[in-house]
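Here is the structure we will look at, set down as structure tokens.
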Amino acid sequence: MINISDIMQTNEMIDNQHLDIRTITMGISLRDCCDSDINKCCDKIYNKIVSCAHNLVPVAEQIELELGIPIVNKRISVTPISMIAESCESDDYVPIAHALDRAAKECGVNFIGGFSALVHKGYTKGDRNLIKSIPQALAQTERVCASVNVASTKAGINMDAVAEMGRVVKECAELTKDTDGLGCAKLVVFANAVEDNPFMAGAFHGVGEAECVVNVGVSGPGVVHHALKSIKGESFDVVAETIKKTAFRITRMGQLVAQEASKRLGVQFGIVDLSLAPTPAKGDSVARILEEMGLEHCGTHGTTAALAMLNDAVKKGGVMASSHVGGLSGAFIPVSEDEGMIEAVKVGALSIEKLEAMTCVCSVGLDMIAVPGDTDAATISAIIADESAIGVVNTKTTAVRIIPVEGKKTGDEVEYGGLLGSAPVMPVNKYSAKEFIARGGRIPAPMHSLKN
Amino acid sequence: MKAIVTVVGKDRVGIIAEICTLLAEMKVNIIDINQTVMQDDFFTMVMLTDTKKSDLSFGEISEKLNKKGEEMGLSIRIQLEDIFNSMHKI
């Protein structure tokens with residue numbers, strides 16, 4: 001039989017260190033749902049999703065029960081809707097968002113991702129219509145998430161799209177001002193978006209994916225934090241080894257759940273995403289891991305190095321534990337969803353500029369950041385452009401999920417509740433980038449994209 | 001299905017007897033037991049069981065054990081063996 005202390009250790013991780021499976025996300029291809037009549041298209045989409053995913057939640061709950069590990073979120077991602085809706089004669093895609101929302105409710109999932117467009121090199125008709133529909137779609141629906149890929153290492157940065165997304169973010173904030181801009185929390189602007197990401201709000205089911213797949217995102221900042229507590233003062237060699245071993249265990253759990261879910265649902269196993277995803281709960285924070293390494297507050301000098309090491313060690317530990325690793329795979333640093341990050345901002349240790357530096361070395365980017373309501377669209381576009389440049393040049397995924405909160409100013413706090421947490425409003429640079437953004441066009445792909 | 005039953009809590013007379021009786025009633029077979037009392041009367045027991053012959057579903061077994069745990073003031077849970085194998089064995 002397995003060692004008694006190993007069993008107790010696993011249960012201790014689940015009970016007291018927030019070890020959980022963050023999400024089981026079913027990716028569903030909607031490529032067979034096109035129709036020139038938008039109502040028929042909506043019906044096809046709804047029926048396809050419900051027929052594929054009606055068992056997702058019960059199966060996930062059964063696995064939860066049998067293994068004794070919480071599976072926090074069950075979600076669905078679909079083919080980018082811009083491609084599916086493009087055949088419709090209508091140019092307003094909001095009804096499709098409603099169809100997705102209804103399907104998500106019917107299946108009992110809390111988010112559905114894929115109200116998306118990929119425009120890193122240019123727009124098609126469908127992309128244009130979709131992006132125009134985003135603000136209303138997010139304001140009128142509850143569970144639909146949208147994302148737009150505006151840049152890639154191969155294509156460069158589509159600055160027209162960057163400029164437009166600044167305006168879209170502002171419009172989303174305006175339309176959802178009653179909920180402090182909650183619409184913006186469901187909208188991600190990507191560079192180098194991945195096709196198999198199970199995490200919201202940026203999940204979509206890429207065009208190279210199979211008909212239906214199951215992707216799993218693991219979590220466990222609390223477990224890593226706890227492991228580091230036991231090696232206070234040791235060198236970074238020891239720290240890296242400890243993180244690797246912990247990440248291995250966490251990922252094995254993800255692999256097991258992914259395999260079980262794929263077997264029981266009768267769909268292909270996609271990937272395990274090796275991410276450290278924090279929640280606003282105490283003891284489930286990425287910032288606290290960095291602080292455990294010896295930083296007084298996350299955001300001080302040394303934070304980028306600490307995060308780089310953490311991110312690398314998580315991947316090295318996790319990669320052997322799973323047969324297929326994918327998604328975003330790295331440490332997440334969302335501000336509002338991480339109790340340690342929130343505190344770091346409040347005490348003045350963490351700024352947008354530092355977060356931007358941190359995004360060079362970890363997964364994703366400027367995530368769940370609230371900024372003053374009077375921040376103009378050009379400034380938001382410029383923030384997106386900076387993040388995109390980091391992604392494009394470093395051949396990694398970066399993203400911006402930013403919320404200009406109407407009527408709020410620097411130092412105020414916004415409460416979203418649940419997994420979205422609460423966000424202190426952070427200051428942005430007061431000088432304008434208007435003329436820079438107004439230029440439009442495309443920033444060419446970097447030299448090192450020419451690999452062939 | 002092979003499953004691990006873990007029992008933790010304050011030690012007293014008859015814990016094993018009571019839990020084994022319940023498992024027997026549910027036709028859950030015990031394959032291996034590992035039990036110890038740590039400092040401060042902290043009772044810890046891990047059992048490897050087989051639920052194959054039971055007429056109850058895994059959920060029902062789990063529920064009965066949880067309920068028993070509440071009655072006895074202990075934490076009792078049952079989990080498939082796979083979770084521990086995957087985490088601790090390569």
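Ordering of the structure tokens sets the chain letters (A, B, ...), residue numbers begin anew at 1 in every chain, and ligands are numbered from 1 in the order given.
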- Query: When the cut-off is 7 Å and we count only C-alpha atoms, which residues of chain B are near chain A, given as a list in words?
  - Reply: Val46, Leu48, Phe58, Gly59, Gln79, Leu80, Ile83, Phe84, Ser86, Met87 and His88 of chain B
- Message: So that I can see what lies close to B:Thr36, please list as a PyMOL selection string the residues with an atom at most 7 Å from it, counting only C-alpha atoms and leaving out residues fewer than 4 positions away in the same chain.
- Response: chain B and resi 43-45
- Task: Please provide the set of residues having any atom within 8 Å of stretch 6-18 of chain B, restricted to only C-alpha atoms, with same-chain residues fewer than 5 positions apart removed, written as a PyMOL selection string.
- Result: chain B and resi 37+41-47+73-78
- Query: So which bits of stretch 61-253 of chain A end up helix (DSSP H, G or I) when you DSSP the backbone, as a ChimeraX atom specification?
  - Reply: /A:61-67,81-85,94-107,125-140,159-175,177-179,182-185,221-229,236-253
- Task: Can you pull out every residue within 12 Å of A:His205, counting only C-alpha atoms, but drop anything in the same chain fewer than 6 positions away, and send it as JSON, numbers by chain?
- Result: {"A": [25, 26, 27, 28, 29, 30, 31, 75, 76, 77, 78, 79, 80, 81, 83, 112, 113, 114, 115, 116, 117, 118, 147, 193, 194, 195, 196, 197, 198, 199, 211, 212, 213, 214, 215, 270, 327]}
Create the file for the chosen residues now, containing C-alpha atoms and written as a compact mmCIF listing (two decimals), in the first residue's frame.
# COMPACT_ATOMS: atom_id res chain seq x y z
CA THR A 25 -12.64 22.91 -20.11
CA MET A 26 -14.31 21.14 -22.98
CA GLY A 27 -13.28 22.49 -26.36
CA ILE A 28 -15.97 22.09 -29.01
CA SER A 29 -15.62 22.73 -32.72
CA LEU A 30 -18.51 24.73 -34.17
CA ARG A 31 -17.24 24.53 -37.72
CA ARG A 75 -16.14 25.41 -18.69
CA ILE A 76 -16.58 25.29 -22.44
CA SER A 77 -14.55 26.83 -25.23
CA VAL A 78 -15.67 26.99 -28.84
CA THR A 79 -14.27 27.81 -32.28
CA PRO A 80 -13.76 31.59 -32.65
CA ILE A 81 -17.24 32.85 -33.45
CA MET A 83 -15.28 32.32 -38.33
CA ILE A 112 -18.05 29.83 -22.14
CA GLY A 113 -15.15 31.21 -24.16
CA GLY A 114 -14.78 31.76 -27.86
CA PHE A 115 -16.63 34.93 -28.76
CA SER A 116 -13.34 35.60 -30.43
CA ALA A 117 -11.55 36.85 -33.50
CA LEU A 118 -7.98 36.38 -34.71
CA SER A 147 -10.98 37.49 -26.84
CA ALA A 193 -2.97 33.46 -28.36
CA VAL A 194 -2.87 29.69 -27.88
CA GLU A 195 -5.48 27.36 -29.34
CA ASP A 196 -5.88 25.03 -26.37
CA ASN A 197 -5.98 27.36 -23.37
CA PRO A 198 -8.46 26.04 -20.77
CA PHE A 199 -8.42 29.24 -18.67
CA GLU A 211 -13.91 17.93 -32.93
CA CYS A 212 -14.19 17.84 -29.16
CA VAL A 213 -11.42 17.74 -26.53
CA VAL A 214 -10.96 18.01 -22.80
CA ASN A 215 -8.28 20.34 -21.46
CA GLY A 270 -6.18 17.60 -25.17
CA GLY A 327 -2.30 26.06 -22.95
- Message: With distances taken over only C-alpha atoms, which residue among A:Val405, A:Ala344, A:Glu234, A:Pro427 lies nearest A:Thr176?
- Response: A:Val405
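Separating atom CA of A:Glu209 from atom CA of A:Arg102 is a distance of 23.9 Å.
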- Between B:Ile90, B:Glu81, B:Lys68, B:Lys53, which one has atoms that come closest to B:Ile19, using only C-alpha atoms? B:Lys68
- Atom pair atom CA of B:Thr49 / atom CA of A:Ile14: separation (Å):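 Taking atom CA of B:Thr49 and atom CA of A:Ile14, their separation equals 21.1 Å.
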- Task: Excluding A:Asn73 and residues on its chain fewer than 6 positions from it, collect all residues at most 9 Å away from it, counting only C-alpha atoms, and give them as a PyMOL selection string.
- Result: chain A and resi 21-25+109-111
Save out the residues we just selected, all heavy atoms, as a PDB file, in the first residue's frame.
ATOM      1  N   ILE A  21      -8.136  21.264  -8.828  1.00  0.00           N
ATOM      2  CA  ILE A  21      -8.106  21.354 -10.280  1.00  0.00           C
ATOM      3  C   ILE A  21      -8.867  22.628 -10.595  1.00  0.00           C
ATOM      4  O   ILE A  21     -10.032  22.764 -10.221  1.00  0.00           O
ATOM      5  CB  ILE A  21      -8.801  20.130 -10.927  1.00  0.00           C
ATOM      6  CG1 ILE A  21      -8.095  18.832 -10.526  1.00  0.00           C
ATOM      7  CG2 ILE A  21      -8.867  20.288 -12.441  1.00  0.00           C
ATOM      8  CD1 ILE A  21      -6.670  18.692 -10.976  1.00  0.00           C
ATOM      9  N   ARG A  22      -8.194  23.581 -11.224  1.00  0.00           N
ATOM     10  CA  ARG A  22      -8.836  24.868 -11.415  1.00  0.00           C
ATOM     11  C   ARG A  22      -9.943  24.798 -12.455  1.00  0.00           C
ATOM     12  O   ARG A  22     -10.997  25.400 -12.290  1.00  0.00           O
ATOM     13  CB  ARG A  22      -7.781  25.929 -11.792  1.00  0.00           C
ATOM     14  CG  ARG A  22      -8.291  27.338 -11.906  1.00  0.00           C
ATOM     15  CD  ARG A  22      -9.130  27.770 -10.702  1.00  0.00           C
ATOM     16  NE  ARG A  22      -8.530  27.468  -9.434  1.00  0.00           N
ATOM     17  CZ  ARG A  22      -7.665  28.232  -8.815  1.00  0.00           C
ATOM     18  NH1 ARG A  22      -7.285  29.351  -9.356  1.00  0.00           N
ATOM     19  NH2 ARG A  22      -7.187  27.885  -7.632  1.00  0.00           N
ATOM     20  N   THR A  23      -9.712  24.044 -13.517  1.00  0.00           N
ATOM     21  CA  THR A  23     -10.771  23.980 -14.516  1.00  0.00           C
ATOM     22  C   THR A  23     -10.675  22.740 -15.400  1.00  0.00           C
ATOM     23  O   THR A  23      -9.583  22.275 -15.707  1.00  0.00           O
ATOM     24  CB  THR A  23     -10.769  25.243 -15.412  1.00  0.00           C
ATOM     25  OG1 THR A  23     -11.827  25.155 -16.363  1.00  0.00           O
ATOM     26  CG2 THR A  23      -9.472  25.405 -16.162  1.00  0.00           C
ATOM     27  N   ILE A  24     -11.845  22.184 -15.713  1.00  0.00           N
ATOM     28  CA  ILE A  24     -11.946  21.228 -16.809  1.00  0.00           C
ATOM     29  C   ILE A  24     -12.685  21.978 -17.905  1.00  0.00           C
ATOM     30  O   ILE A  24     -13.812  22.443 -17.702  1.00  0.00           O
ATOM     31  CB  ILE A  24     -12.751  19.970 -16.436  1.00  0.00           C
ATOM     32  CG1 ILE A  24     -12.013  19.150 -15.393  1.00  0.00           C
ATOM     33  CG2 ILE A  24     -13.004  19.113 -17.669  1.00  0.00           C
ATOM     34  CD1 ILE A  24     -12.663  17.806 -15.122  1.00  0.00           C
ATOM     35  N   THR A  25     -12.029  22.148 -19.030  1.00  0.00           N
ATOM     36  CA  THR A  25     -12.644  22.915 -20.114  1.00  0.00           C
ATOM     37  C   THR A  25     -12.826  22.016 -21.329  1.00  0.00           C
ATOM     38  O   THR A  25     -11.864  21.408 -21.790  1.00  0.00           O
ATOM     39  CB  THR A  25     -11.769  24.130 -20.467  1.00  0.00           C
ATOM     40  OG1 THR A  25     -11.567  24.911 -19.287  1.00  0.00           O
ATOM     41  CG2 THR A  25     -12.430  24.990 -21.529  1.00  0.00           C
ATOM     42  N   VAL A 109     -22.257  25.271 -16.881  1.00  0.00           N
ATOM     43  CA  VAL A 109     -20.879  25.775 -16.769  1.00  0.00           C
ATOM     44  C   VAL A 109     -20.919  27.268 -16.457  1.00  0.00           C
ATOM     45  O   VAL A 109     -21.856  27.960 -16.833  1.00  0.00           O
ATOM     46  CB  VAL A 109     -20.057  25.535 -18.063  1.00  0.00           C
ATOM     47  CG1 VAL A 109     -19.951  24.057 -18.365  1.00  0.00           C
ATOM     48  CG2 VAL A 109     -20.654  26.274 -19.254  1.00  0.00           C
ATOM     49  N   ASN A 110     -19.869  27.753 -15.757  1.00  0.00           N
ATOM     50  CA  ASN A 110     -19.922  29.158 -15.345  1.00  0.00           C
ATOM     51  C   ASN A 110     -19.384  30.134 -16.377  1.00  0.00           C
ATOM     52  O   ASN A 110     -19.673  31.324 -16.329  1.00  0.00           O
ATOM     53  CB  ASN A 110     -19.281  29.379 -13.974  1.00  0.00           C
ATOM     54  CG  ASN A 110     -17.840  28.933 -13.927  1.00  0.00           C
ATOM     55  OD1 ASN A 110     -17.307  28.409 -14.907  1.00  0.00           O
ATOM     56  ND2 ASN A 110     -17.189  29.147 -12.801  1.00  0.00           N
ATOM     57  N   PHE A 111     -18.571  29.645 -17.336  1.00  0.00           N
ATOM     58  CA  PHE A 111     -18.122  30.516 -18.423  1.00  0.00           C
ATOM     59  C   PHE A 111     -18.025  29.737 -19.721  1.00  0.00           C
ATOM     60  O   PHE A 111     -17.709  28.541 -19.712  1.00  0.00           O
ATOM     61  CB  PHE A 111     -16.761  31.146 -18.126  1.00  0.00           C
ATOM     62  CG  PHE A 111     -16.816  32.330 -17.195  1.00  0.00           C
ATOM     63  CD1 PHE A 111     -16.126  32.321 -15.992  1.00  0.00           C
ATOM     64  CD2 PHE A 111     -17.556  33.460 -17.527  1.00  0.00           C
ATOM     65  CE1 PHE A 111     -16.174  33.412 -15.123  1.00  0.00           C
ATOM     66  CE2 PHE A 111     -17.613  34.554 -16.663  1.00  0.00           C
ATOM     67  CZ  PHE A 111     -16.924  34.531 -15.472  1.00  0.00           C
TER      68      PHE A 111
END
- Contacts of A:Pro444 at 7 Å or less, counting only C-alpha atoms, minus same-chain residues fewer than 4 places along, as an MDAnalysis selection string? chainID A and resid 155:157
Store the residues picked out above in a file with all heavy atoms, as a compact mmCIF listing (two decimals), in the first residue's frame.
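Below you can see out-v5.txt, which holds the result:
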# COMPACT_ATOMS: atom_id res chain seq x y z
N ALA A 155 3.38 37.43 -37.53
CA ALA A 155 2.70 38.45 -38.32
C ALA A 155 3.00 39.87 -37.88
O ALA A 155 2.75 40.82 -38.61
CB ALA A 155 1.20 38.22 -38.28
N GLY A 156 3.52 40.04 -36.68
CA GLY A 156 3.71 41.39 -36.15
C GLY A 156 2.47 41.86 -35.40
O GLY A 156 1.66 41.04 -34.96
N ILE A 157 2.36 43.18 -35.25
CA ILE A 157 1.24 43.71 -34.45
C ILE A 157 0.30 44.50 -35.37
O ILE A 157 0.73 45.43 -36.05
CB ILE A 157 1.76 44.65 -33.34
CG1 ILE A 157 2.83 43.94 -32.49
CG2 ILE A 157 0.61 45.11 -32.46
CD1 ILE A 157 3.52 44.85 -31.50
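In this comparison, which uses only C-alpha atoms, the residue of A:Glu106, A:Glu387, A:Glu413, A:Asp91 approaching A:Ala53 most closely is A:Glu106.
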- Picked from stretch 257-404 of chain A by DSSP as strand (DSSP E), as a PyMOL selection string: chain A and resi 268-273+366-372+398-404
Given the selection you just returned, output its residues as a file containing N, CA and C atoms, formatted as a compact mmCIF listing (two decimals), in the first residue's frame.
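And here's out-v6.txt as it stands now:
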# COMPACT_ATOMS: atom_id res chain seq x y z
N GLN A 268 -11.56 13.22 -26.80
CA GLN A 268 -10.10 13.20 -26.81
C GLN A 268 -9.53 14.03 -25.65
N PHE A 269 -8.43 13.53 -25.08
CA PHE A 269 -7.69 14.31 -24.08
C PHE A 269 -6.82 15.31 -24.82
N GLY A 270 -6.98 16.58 -24.50
CA GLY A 270 -6.18 17.60 -25.17
C GLY A 270 -4.86 17.84 -24.47
N ILE A 271 -4.88 18.71 -23.49
CA ILE A 271 -3.64 19.06 -22.79
C ILE A 271 -3.89 19.29 -21.31
N VAL A 272 -2.78 19.28 -20.55
CA VAL A 272 -2.83 19.79 -19.19
C VAL A 272 -2.08 21.12 -19.21
N ASP A 273 -2.71 22.15 -18.68
CA ASP A 273 -2.09 23.46 -18.60
C ASP A 273 -1.42 23.60 -17.24
N LEU A 366 -0.87 41.56 -18.48
CA LEU A 366 -1.52 42.49 -17.56
C LEU A 366 -2.95 42.00 -17.39
N ASP A 367 -3.21 41.42 -16.24
CA ASP A 367 -4.45 40.67 -16.07
C ASP A 367 -5.26 41.23 -14.91
N MET A 368 -6.52 41.49 -15.17
CA MET A 368 -7.45 41.99 -14.15
C MET A 368 -6.89 43.21 -13.41
N ILE A 369 -6.61 44.23 -14.22
CA ILE A 369 -6.08 45.47 -13.66
C ILE A 369 -7.13 46.56 -13.82
N ALA A 370 -7.49 47.18 -12.70
CA ALA A 370 -8.45 48.28 -12.76
C ALA A 370 -7.67 49.58 -12.87
N VAL A 371 -8.07 50.45 -13.81
CA VAL A 371 -7.43 51.76 -13.96
C VAL A 371 -8.52 52.83 -13.89
N PRO A 372 -8.12 54.11 -13.68
CA PRO A 372 -9.13 55.16 -13.52
C PRO A 372 -10.08 55.23 -14.72
N THR A 398 1.09 36.94 -24.59
CA THR A 398 0.82 38.00 -23.62
C THR A 398 -0.64 38.42 -23.81
N ALA A 399 -1.17 39.04 -22.78
CA ALA A 399 -2.57 39.43 -22.87
C ALA A 399 -2.82 40.66 -22.03
N VAL A 400 -3.88 41.35 -22.35
CA VAL A 400 -4.30 42.49 -21.54
C VAL A 400 -5.77 42.31 -21.20
N ARG A 401 -6.03 42.33 -19.90
CA ARG A 401 -7.42 42.33 -19.42
C ARG A 401 -7.51 43.50 -18.44
N ILE A 402 -7.95 44.61 -18.93
CA ILE A 402 -7.87 45.86 -18.17
C ILE A 402 -9.26 46.47 -18.05
N ILE A 403 -9.52 47.09 -16.92
CA ILE A 403 -10.87 47.62 -16.66
C ILE A 403 -10.80 49.10 -16.30
N PRO A 404 -11.13 49.98 -17.24
CA PRO A 404 -11.23 51.40 -16.86
C PRO A 404 -12.55 51.61 -16.15
- Test item: residues at most 10 Å from A:Asn39, only C-alpha atoms, excluding those fewer than 5 positions along its chain, as a list of chain:residue names: A:Lys44, A:Ile45, A:Cys88, A:Ser90, A:Pro95, A:Ile96, A:Ala99
